[in-house]
>>> print(open('input_5.txt').read())   # compact mmCIF, C-alpha atoms
# COMPACT_ATOMS: atom_id res chain seq x y z
CA ASN A 1 89.60 82.94 91.03
CA TYR A 2 93.03 84.29 90.08
CA GLY A 3 93.96 86.12 86.92
CA LEU A 4 97.20 84.09 86.64
CA TYR A 5 98.12 80.63 87.90
CA ASN A 6 101.75 79.52 87.57
CA SER A 7 103.30 76.16 88.43
CA SER A 8 106.31 76.33 86.11
CA GLN A 9 109.87 77.09 87.23
CA ASN A 10 110.80 79.75 84.68
CA PHE A 11 107.88 82.15 84.34
CA ARG A 12 108.45 85.89 83.88
CA LEU A 13 105.79 88.62 83.93
CA THR A 14 107.25 91.56 82.01
CA ASN A 15 104.47 94.20 82.04
CA GLY A 16 100.75 94.83 82.31
CA THR A 17 98.17 94.48 85.08
CA VAL A 18 97.21 91.13 86.60
CA TYR A 19 94.18 90.66 88.83
CA GLY A 20 95.51 88.08 91.26
CA ILE A 21 98.37 85.55 91.03
CA TYR A 22 98.56 82.00 92.42
CA ASN A 23 102.13 80.77 92.25
CA SER A 24 103.34 77.30 93.18
CA GLY A 25 106.41 77.34 90.95
CA SER A 26 109.06 79.99 90.40
CA MET A 27 108.34 83.34 88.82
CA ILE A 28 109.80 86.83 88.31
CA ILE A 29 107.63 89.96 88.14
CA ASP A 30 109.31 92.89 86.39
CA GLU A 31 109.03 96.49 87.53
CA GLU A 32 106.62 97.53 84.74
CA SER A 33 103.96 95.15 86.08
CA LYS A 34 101.08 95.89 88.42
CA VAL A 35 99.32 93.28 90.55
CA THR A 36 96.01 94.02 92.26
CA TYR A 37 93.51 91.96 94.23
CA GLY A 38 91.66 89.01 92.69
CA THR A 39 88.20 88.80 91.14
CA LEU A 40 86.35 87.52 94.22
CA SER A 41 83.92 90.02 95.71
CA ASP A 42 83.93 91.26 99.31
CA GLU A 43 80.56 89.57 99.79
CA PHE A 44 82.03 86.21 98.79
CA ASN A 45 84.94 86.65 101.16
CA ASN A 46 82.76 87.62 104.11
CA ASN A 47 80.30 84.78 103.59
CA ASN A 48 83.12 82.26 103.59
CA GLY A 49 84.81 83.54 106.72
CA ASP A 50 88.57 83.13 106.45
CA ALA A 51 88.77 82.55 102.69
CA ARG A 52 92.50 83.17 102.71
CA TYR A 53 93.23 80.55 100.06
CA PHE A 54 90.97 82.22 97.52
CA TYR A 55 91.64 85.92 97.53
CA GLY A 56 94.40 88.47 97.53
CA ALA A 57 96.79 89.89 95.00
CA ILE A 58 99.37 87.08 95.31
CA TYR A 59 99.15 83.65 96.92
CA ASN A 60 102.56 82.00 96.86
CA THR A 61 103.72 78.52 97.84
CA GLY A 62 106.79 78.53 95.56
CA THR A 63 109.26 81.34 94.83
CA VAL A 64 108.35 84.84 93.70
CA THR A 65 110.92 87.50 92.84
CA MET A 66 109.42 90.93 92.23
CA GLU A 67 111.78 93.45 90.64
CA GLY A 68 110.00 96.65 91.65
CA GLY A 69 106.47 97.16 90.41
CA GLU A 70 103.35 97.89 92.41
CA ILE A 71 100.94 95.76 94.43
CA THR A 72 97.75 97.42 95.70
CA SER A 73 94.46 96.44 97.27
CA THR A 74 91.60 98.18 99.07
CA ALA A 75 89.51 95.06 99.73
CA SER A 76 91.71 92.01 100.30
CA ARG A 77 92.33 91.12 103.94
CA LYS A 78 95.57 89.27 103.10
CA MET A 79 96.85 90.95 99.98
CA ILE A 80 100.07 88.93 99.72
CA GLN A 81 99.95 85.52 101.33
CA ASN A 82 103.34 83.86 101.27
CA LYS A 83 104.04 80.27 102.26
CA GLY A 84 107.17 79.94 100.16
CA THR A 85 109.92 82.47 99.40
CA PHE A 86 109.03 85.99 98.34
CA ASN A 87 111.81 88.36 97.21
CA TYR A 88 110.54 91.92 96.90
CA ASN A 89 113.29 94.05 95.35
CA GLY A 90 112.09 97.63 95.28
CA GLY A 91 108.65 98.89 94.41
CA TYR A 92 105.56 99.70 96.41
CA ILE A 93 102.97 97.66 98.32
CA PHE A 94 99.80 99.23 99.73
CA SER A 95 96.75 97.70 101.39
CA GLU A 96 93.92 99.02 103.52
CA HIS A 97 94.05 95.73 105.43
CA THR A 98 97.01 93.32 105.85
CA ALA A 99 99.59 93.97 103.18
CA VAL A 100 101.72 90.84 103.75
CA TYR A 101 100.64 87.64 105.51
CA ASN A 102 103.83 85.61 105.79
CA GLU A 103 104.24 81.97 106.74
CA GLY A 104 107.46 81.42 104.78
CA THR A 105 110.42 83.70 104.03
CA PHE A 106 109.72 87.27 102.95
CA ASN A 107 112.69 89.39 101.85
CA ALA A 108 112.01 93.12 101.40
CA ASN A 109 114.94 94.86 99.73
CA SER A 110 114.77 98.65 99.23
CA SER A 111 110.99 98.55 99.03
CA LYS A 112 108.05 100.37 100.62
CA ILE A 113 105.15 98.60 102.37
CA GLU A 114 102.21 100.57 103.74
CA SER A 115 98.91 99.63 105.32
CA THR A 116 96.03 101.48 106.87
CA ARG A 117 95.99 98.65 109.42
CA THR A 118 98.74 96.04 109.95
CA ALA A 119 101.43 96.06 107.29
CA ILE A 120 102.93 92.59 107.93
CA LYS A 121 101.57 89.60 109.84
CA ASN A 122 104.27 86.97 110.36
CA TYR A 123 103.33 83.50 111.63
CA TYR A 124 106.15 80.94 112.05
CA GLY A 125 107.92 82.75 109.20
CA THR A 126 110.99 84.92 108.67
CA VAL A 127 110.92 88.53 107.46
CA ASN A 128 114.21 90.11 106.34
CA LEU A 129 114.10 93.90 105.91
CA ASN A 130 117.01 95.42 104.00
CA GLY A 131 116.71 99.16 103.42
CA SER A 132 112.92 99.00 103.29
CA GLU A 133 110.24 101.28 104.72
CA VAL A 134 107.24 99.72 106.49
CA ARG A 135 104.41 101.86 107.89
CA SER A 136 100.95 101.49 109.43
CA ALA A 137 98.42 104.19 110.17
CA THR A 138 95.90 102.77 112.65
CA SER A 139 97.38 99.57 114.08
CA ASN A 140 100.60 97.75 114.95
CA THR A 141 102.96 97.74 111.97
CA ILE A 142 104.41 94.20 112.19
CA THR A 143 102.78 91.49 114.28
CA GLY A 144 103.49 87.80 114.51
CA ASP A 145 103.53 84.58 116.45
CA TYR A 146 106.63 82.35 116.68
CA GLY A 147 108.15 84.37 113.84
CA THR A 148 111.52 86.01 113.20
CA ILE A 149 112.08 89.63 112.16
CA ILE A 150 115.57 90.71 111.01
CA MET A 151 116.03 94.39 110.22
CA ASN A 152 119.31 95.39 108.62
CA ASP A 153 118.41 98.91 107.51
CA GLY A 154 115.45 101.11 106.65
CA LEU A 155 112.45 102.35 108.65
CA ILE A 156 109.59 100.72 110.56
CA TRP A 157 106.98 103.20 111.77
CA SER A 158 103.76 102.79 113.74
CA GLU A 159 101.56 105.84 113.92
CA VAL A 160 99.40 104.64 116.84
CA GLY A 161 100.67 101.30 118.19
CA ILE A 162 103.63 98.95 118.34
CA ALA A 163 106.15 98.94 115.50
CA ILE A 164 107.22 95.26 115.86
CA ASN A 165 105.55 92.55 117.95
CA ASP A 166 106.96 89.08 117.25
CA SER A 167 108.83 86.23 118.90
CA SER A 168 112.39 86.97 117.72
CA VAL A 169 113.50 90.46 116.66
CA THR A 170 117.00 91.50 115.52
CA VAL A 171 117.91 95.11 114.67
CA ASN A 172 121.23 95.51 112.85
CA GLY A 173 120.54 99.01 111.53
CA GLY A 174 117.85 101.46 110.49
CA ASN A 175 115.16 103.16 112.58
CA VAL A 176 112.18 101.73 114.47
CA TYR A 177 109.49 103.98 115.95
CA GLY A 178 106.35 103.06 117.88
CA ASN A 179 103.77 105.52 119.14
CA ASN A 180 103.21 103.22 122.13
CA LYS A 181 106.00 100.64 122.34
CA ALA A 182 108.61 100.31 119.62
CA ILE A 183 109.36 96.56 119.98
CA VAL A 184 107.74 93.70 121.91
CA ALA A 185 109.48 90.32 121.63
CA ASN A 186 110.46 87.14 123.39
CA ASN A 187 114.06 87.46 122.21
CA PHE A 188 115.56 90.80 121.18
CA LYS A 189 119.02 91.48 119.73
CA MET A 190 120.47 94.82 118.64
CA THR A 191 123.85 95.58 117.07
CA ASP A 192 123.20 99.00 115.47
CA GLY A 193 120.47 101.43 114.47
CA ALA A 194 117.94 103.40 116.51
CA VAL A 195 114.80 102.25 118.35
CA SER A 196 112.42 104.78 119.92
CA GLY A 197 109.02 104.51 121.56
CA GLU A 198 106.77 107.13 123.08
CA ASN A 199 106.25 104.96 126.19
CA VAL A 200 108.62 101.97 125.90
CA GLY A 201 111.53 101.31 123.59
CA VAL A 202 111.89 97.52 123.97
CA ASP A 203 109.80 95.08 126.03
CA SER A 204 111.36 91.63 125.74
CA LYS A 205 111.86 88.49 127.82
CA SER A 206 115.56 88.51 126.87
CA ALA A 207 117.63 91.36 125.42
CA SER A 208 121.13 91.38 123.93
CA ILE A 209 122.47 94.86 123.10
CA SER A 210 125.91 95.45 121.58
CA GLY A 211 125.35 98.72 119.70
CA GLY A 212 122.86 101.31 118.52
CA MET A 213 120.53 103.50 120.55
CA ILE A 214 117.24 102.80 122.33
CA ALA A 215 115.19 105.73 123.62
CA ALA A 216 111.77 106.27 125.20
CA ARG A 217 109.94 108.75 127.37
CA GLU A 218 109.20 106.24 130.14
CA SER A 219 111.12 102.93 129.86
CA GLY A 220 113.99 102.33 127.47
CA VAL A 221 114.24 98.55 127.96
CA ILE A 222 112.13 96.20 130.09
CA THR A 223 113.50 92.64 130.18
CA ASN A 224 113.84 89.53 132.31
CA THR A 225 117.43 88.84 131.22
CA LEU A 226 119.92 91.35 129.82
CA ASN A 227 123.33 91.12 128.17
CA MET A 228 124.66 94.58 127.26
CA THR A 229 128.13 94.96 125.76
CA GLY A 230 127.68 98.33 124.04
CA GLY A 231 125.20 100.85 122.73
CA THR A 232 123.13 103.53 124.45
CA VAL A 233 119.81 103.32 126.30
CA VAL A 234 117.93 106.48 127.29
CA SER A 235 114.74 107.22 129.22
CA GLU A 236 113.60 110.82 129.26
CA ASN A 237 111.44 110.66 132.40
CA MET A 238 111.70 107.33 134.22
CA THR A 239 113.97 104.24 134.01
CA ALA A 240 116.34 103.44 131.17
CA ILE A 241 116.63 99.68 131.85
CA THR A 242 114.51 97.47 134.11
CA VAL A 243 115.99 94.01 134.78
CA ASN A 244 113.45 91.66 136.34
CA SER A 245 115.62 88.55 136.72
CA SER A 246 119.32 88.74 135.78
CA GLY A 247 121.47 91.18 133.88
CA THR A 248 125.05 91.78 132.76
CA ILE A 249 126.22 95.22 131.65
CA LYS A 250 129.81 95.08 130.42
CA SER A 251 129.89 98.33 128.44
CA GLY A 252 127.71 101.06 126.97
CA GLU A 253 126.02 104.25 128.17
CA ILE A 254 122.76 104.46 130.10
CA HIS A 255 120.93 107.74 130.89
CA ALA A 256 117.57 108.23 132.62
CA GLY A 257 115.32 110.86 134.13
CA MET A 258 114.99 108.80 137.34
CA TYR A 259 116.89 105.47 137.48
CA GLY A 260 119.56 104.43 135.02
CA VAL A 261 119.03 100.75 135.89
CA LEU A 262 116.34 99.25 138.11
CA SER A 263 117.56 95.81 139.22
CA LYS A 264 114.96 93.44 140.67
CA GLY A 265 117.10 90.29 140.55
CA THR A 266 120.84 89.86 140.04
CA LEU A 267 123.05 92.35 138.23
CA THR A 268 126.70 92.34 137.15
CA ILE A 269 128.29 95.63 136.11
CA GLY A 270 131.62 95.27 134.28
CA THR A 271 133.88 92.22 134.12
CA ASN A 272 135.88 90.64 136.94
CA ASP A 273 138.99 90.12 134.81
CA GLY A 274 141.72 91.57 137.05
CA THR A 275 141.65 95.06 135.51
CA ILE A 276 139.43 97.96 136.55
CA SER A 277 138.05 100.62 134.19
CA GLU A 278 136.09 103.73 135.15
CA ASN A 279 135.27 104.47 131.50
CA ALA A 280 132.66 101.80 130.82
CA PRO A 281 129.89 101.20 131.46
CA VAL A 282 128.54 104.65 132.33
CA ILE A 283 125.18 104.56 134.14
CA ILE A 284 123.46 107.87 134.95
CA GLY A 285 120.11 108.58 136.57
CA ASP A 286 118.77 111.94 137.65
CA SER A 287 117.90 110.26 140.98
CA TYR A 288 120.11 107.12 141.13
CA GLY A 289 122.40 105.55 138.59
CA VAL A 290 121.40 102.05 139.77
CA TYR A 291 118.39 101.34 142.00
CA ILE A 292 118.72 97.89 143.60
CA THR A 293 115.80 95.91 145.00
CA GLY A 294 117.13 92.49 143.95
CA THR A 295 119.26 89.86 145.65
CA ALA A 296 122.80 90.53 144.38
CA THR A 297 124.71 93.24 142.52
CA ASP A 298 128.39 92.85 141.55
CA PHE A 299 130.25 96.02 140.54
CA TYR A 300 133.57 95.50 138.72
CA ASP A 301 133.94 98.31 136.16
CA GLY A 302 132.44 101.64 135.18
CA ILE A 303 130.92 104.57 137.02
CA LEU A 304 127.48 105.19 138.55
CA LYS A 305 126.09 108.72 138.70
CA GLY A 306 122.99 110.17 140.34
CA GLN A 307 121.91 113.46 141.83
CA VAL A 308 120.82 111.67 145.01
CA ASP A 309 123.54 109.00 144.84
CA GLY A 310 125.29 106.73 142.37
CA TYR A 311 123.28 103.76 143.61
CA TYR A 312 120.58 102.76 146.06
CA GLY A 313 120.71 99.38 147.81
CA THR A 314 123.63 97.04 148.43
CA ILE A 315 126.66 96.25 146.27
CA THR A 316 127.43 92.64 147.11
CA GLY A 317 130.60 92.04 145.08
CA THR A 318 133.68 94.03 144.02
CA PRO A 319 137.09 93.02 142.62
CA SER A 320 139.69 91.63 144.97
CA GLY A 321 141.93 94.38 146.38
CA SER A 322 139.46 97.14 145.54
CA ILE A 323 137.38 99.72 147.36
CA LEU A 324 134.05 101.29 146.49
CA ALA A 325 135.00 104.95 146.03
CA GLU A 326 132.80 108.05 145.92
CA GLY A 327 133.03 111.48 144.35
CA THR A 328 131.07 114.27 142.71
CA GLU A 329 130.80 115.52 139.14
CA THR A 330 129.19 118.61 137.63
CA ILE A 331 127.24 117.82 134.47
CA THR A 332 125.73 120.37 132.08
CA VAL A 333 122.19 119.35 131.12
CA ASP A 334 119.87 120.70 128.43
CA ASN A 335 116.49 122.05 129.55
CA GLU A 336 113.28 121.84 127.47
CA ASP A 337 113.26 125.61 126.94
CA GLY A 338 116.63 125.44 125.20
CA THR A 339 118.69 126.68 128.15
CA THR A 340 121.43 124.71 129.91
CA GLU A 341 121.97 124.07 133.57
CA GLU A 342 124.83 122.68 135.64
CA LYS A 343 123.84 119.94 138.09
CA ILE A 344 125.94 118.08 140.66
CA TYR A 345 125.92 114.28 140.51
CA GLN A 346 127.18 111.90 143.16
CA THR A 347 129.47 109.26 141.67
CA ASP A 348 130.45 105.74 142.69
CA PHE A 349 133.31 103.81 141.10
CA ILE A 350 135.88 101.12 141.88
CA GLY A 351 139.24 102.15 143.31
CA GLU A 352 142.22 99.96 144.16
CA TYR A 353 144.13 99.58 147.42
CA GLU A 354 147.82 100.34 147.50
CA ASN A 355 150.09 97.30 147.37
CA TRP A 356 150.68 96.04 150.89
CA LEU A 357 151.77 92.42 150.40
CA LYS A 358 155.24 91.50 149.13
CA VAL A 359 156.00 88.02 147.80
CA GLY A 360 159.61 87.76 146.69
CA GLU A 361 160.25 90.83 144.56
CA GLU A 362 156.60 91.37 143.66
CA GLU A 363 154.01 93.45 145.49
CA PHE A 364 150.25 92.92 145.60
CA ASN A 365 147.21 94.61 147.09
CA SER A 366 145.35 91.41 147.99
CA ILE A 367 146.04 87.82 148.94
CA ASP A 368 143.98 86.61 145.96
CA LYS A 369 146.27 88.41 143.50
CA ALA A 370 149.37 87.08 145.23
CA MET A 371 148.26 83.47 144.96
>>> encode(input="input_5.txt", output="structure tokens")
Amino acid sequence: NYGLYNSSQNFRLTNGTVYGIYNSGSMIIDEESKVTYGTLSDEFNNNNGDARYFYGAIYNTGTVTMEGGEITSTASRKMIQNKGTFNYNGGYIFSEHTAVYNEGTFNANSSKIESTRTAIKNYYGTVNLNGSEVRSATSNTITGDYGTIIMNDGLIWSEVGIAINDSSVTVNGGNVYGNNKAIVANNFKMTDGAVSGENVGVDSKSASISGGMIAARESGVITNTLNMTGGTVVSENMTAITVNSSGTIKSGEIHAGMYGVLSKGTLTIGTNDGTISENAPVIIGDSYGVYITGTATDFYDGILKGQVDGYYGTITGTPSGSILAEGTETITVDNEDGTTEEKIYQTDFIGEYENWLKVGEEEFNSIDKAM
């Protein structure tokens, strides 16, 4: 059923066209080679239901290293099925159905993967994307279940759906775009790069953001638990970050058309470390910087800005010896027609009392600091 079956540990395909490969050993496919789908007909595949073991361009349970080259299929539902280790170093993969069905480790390095439907399905596997471009035209680009996606650079693009939908997603660089949502995950981590969605940037049970930029028209980030130490999150029309359970925002910039942060549980802004900074984090909403409906919000560092007010709700904790101060700031904003406009924002930040307590030769502004 396959044009080539390999179980050896030192096989190398140097050139030519192969109609289907089954690999259980270790093999290298050079860039002059072309691999297309196997000899089984569509009728055979349909009559046997999920005949995933018997068709596709490559079925791998060992190790495949492909140095460029081309893999194409218009009929196979799982063009590359990987249960081992697949190293794809450059080249081009195209399928009208699923281009890569991964249950092992799939490493795409400076390569291009395109599908009319889903480009990569990842089940209990790991996909590492290093400078690669992955696109889908009519479906979600990468989908999975209990899998791990690590993107270090490159582009992931979904024309109509979600760019990445898997259990664990890490973005260390590159660009991710989804026409609906950019990323849906159980656990999301971002250190650099850019994520943008027409409706939602990131929808994840937990989110850790230390760098990069997340942008969306409606919701930048929706999460149960948040740890933000850097980066930028933007919502054009609605809320930049929605925290359903608990969140910590130590640094970074947050901008939104309505609410910078919507807190439905507990929220900590800044760090209670004895020093106060107005520089970070910066949280701006055209209505409110922070909109609080949850149980507790501690405010230790940064500045909150909103045209109505810096925050709505109750601040339950501030640093010892501090006051919650208010002010105004004029910000120049860009309009859709290309003009600019100056708008007045109400600001809230942490100020410190003057020293009023003297112990020996030292002066303090609170009993806690004196102890």
>>> closest_residue(input="input_5.txt", among="A:Ile315, A:Asn279, A:Gly231, A:Val308", to="Thr328 (chain A)", atoms="all atoms listed in the file")
A:Val308
>>> atom_distance(input="input_5.txt", atom1="CA of Gly230 (chain A)", atom2="CA of Asp192 (chain A)")
9.7 Å
>>> residues_around(input="input_5.txt", residues="region 61-63 of chain A", least_positions_apart="2", cutoff="7 Å", atoms="all atoms listed in the file", output="PyMOL selection string")
chain A and resi 23-27+59+65+82-86
>>> atom_distance(input="input_5.txt", atom1="CA of Ile156 (chain A)", atom2="CA of Thr239 (chain A)")
24.1 Å
>>> atom_distance(input="input_5.txt", atom1="CA of Lys250 (chain A)", atom2="CA of Glu198 (chain A)")
27.0 Å
>>> residues_around(input="input_5.txt", residues="Tyr259 (chain A)", least_positions_apart="3", cutoff="8 Å", atoms="all atoms listed in the file", output="list in words")
Met238, Thr239, Ala240, Ala256, Leu262, Ile284, Gly285, Asp286, Ser287, Tyr288, Gly289, Val290 and Tyr291 of chain A
>>> write_last_selection(input="input_5.txt", atoms="C-alpha atoms", output="mmCIF file, keeping the file's coordinate frame")
data_model
loop_
_atom_site.group_PDB
_atom_site.id
_atom_site.type_symbol
_atom_site.label_atom_id
_atom_site.label_comp_id
_atom_site.auth_asym_id
_atom_site.auth_seq_id
_atom_site.Cartn_x
_atom_site.Cartn_y
_atom_site.Cartn_z
ATOM 1 C CA MET A 238 111.700 107.330 134.220
ATOM 2 C CA THR A 239 113.970 104.240 134.010
ATOM 3 C CA ALA A 240 116.340 103.440 131.170
ATOM 4 C CA ALA A 256 117.570 108.230 132.620
ATOM 5 C CA LEU A 262 116.340 99.250 138.110
ATOM 6 C CA ILE A 284 123.460 107.870 134.950
ATOM 7 C CA GLY A 285 120.110 108.580 136.570
ATOM 8 C CA ASP A 286 118.770 111.940 137.650
ATOM 9 C CA SER A 287 117.900 110.260 140.980
ATOM 10 C CA TYR A 288 120.110 107.120 141.130
ATOM 11 C CA GLY A 289 122.400 105.550 138.590
ATOM 12 C CA VAL A 290 121.400 102.050 139.770
ATOM 13 C CA TYR A 291 118.390 101.340 142.000
#
>>> residues_around(input="input_5.txt", residues="Gln346 (chain A)", least_positions_apart="3", cutoff="7 Å", atoms="only C-alpha atoms", output="list in words")
Lys305, Gly306, Gln307, Val308, Asp309, Gly310, Gly327, Thr328 and Glu329 of chain A
>>> residues_around(input="input_5.txt", residues="region 204-219 of chain A", least_positions_apart="5", cutoff="9 Å", atoms="all atoms listed in the file", output="number ranges by chain")
A: 171-173, 181-199, 224-242, 251-252, 256-257
>>> closest_residue(input="input_5.txt", among="A:Tyr345, A:Asn179, A:Ile71, A:Tyr123", to="Val333 (chain A)", atoms="all atoms listed in the file")
A:Tyr345
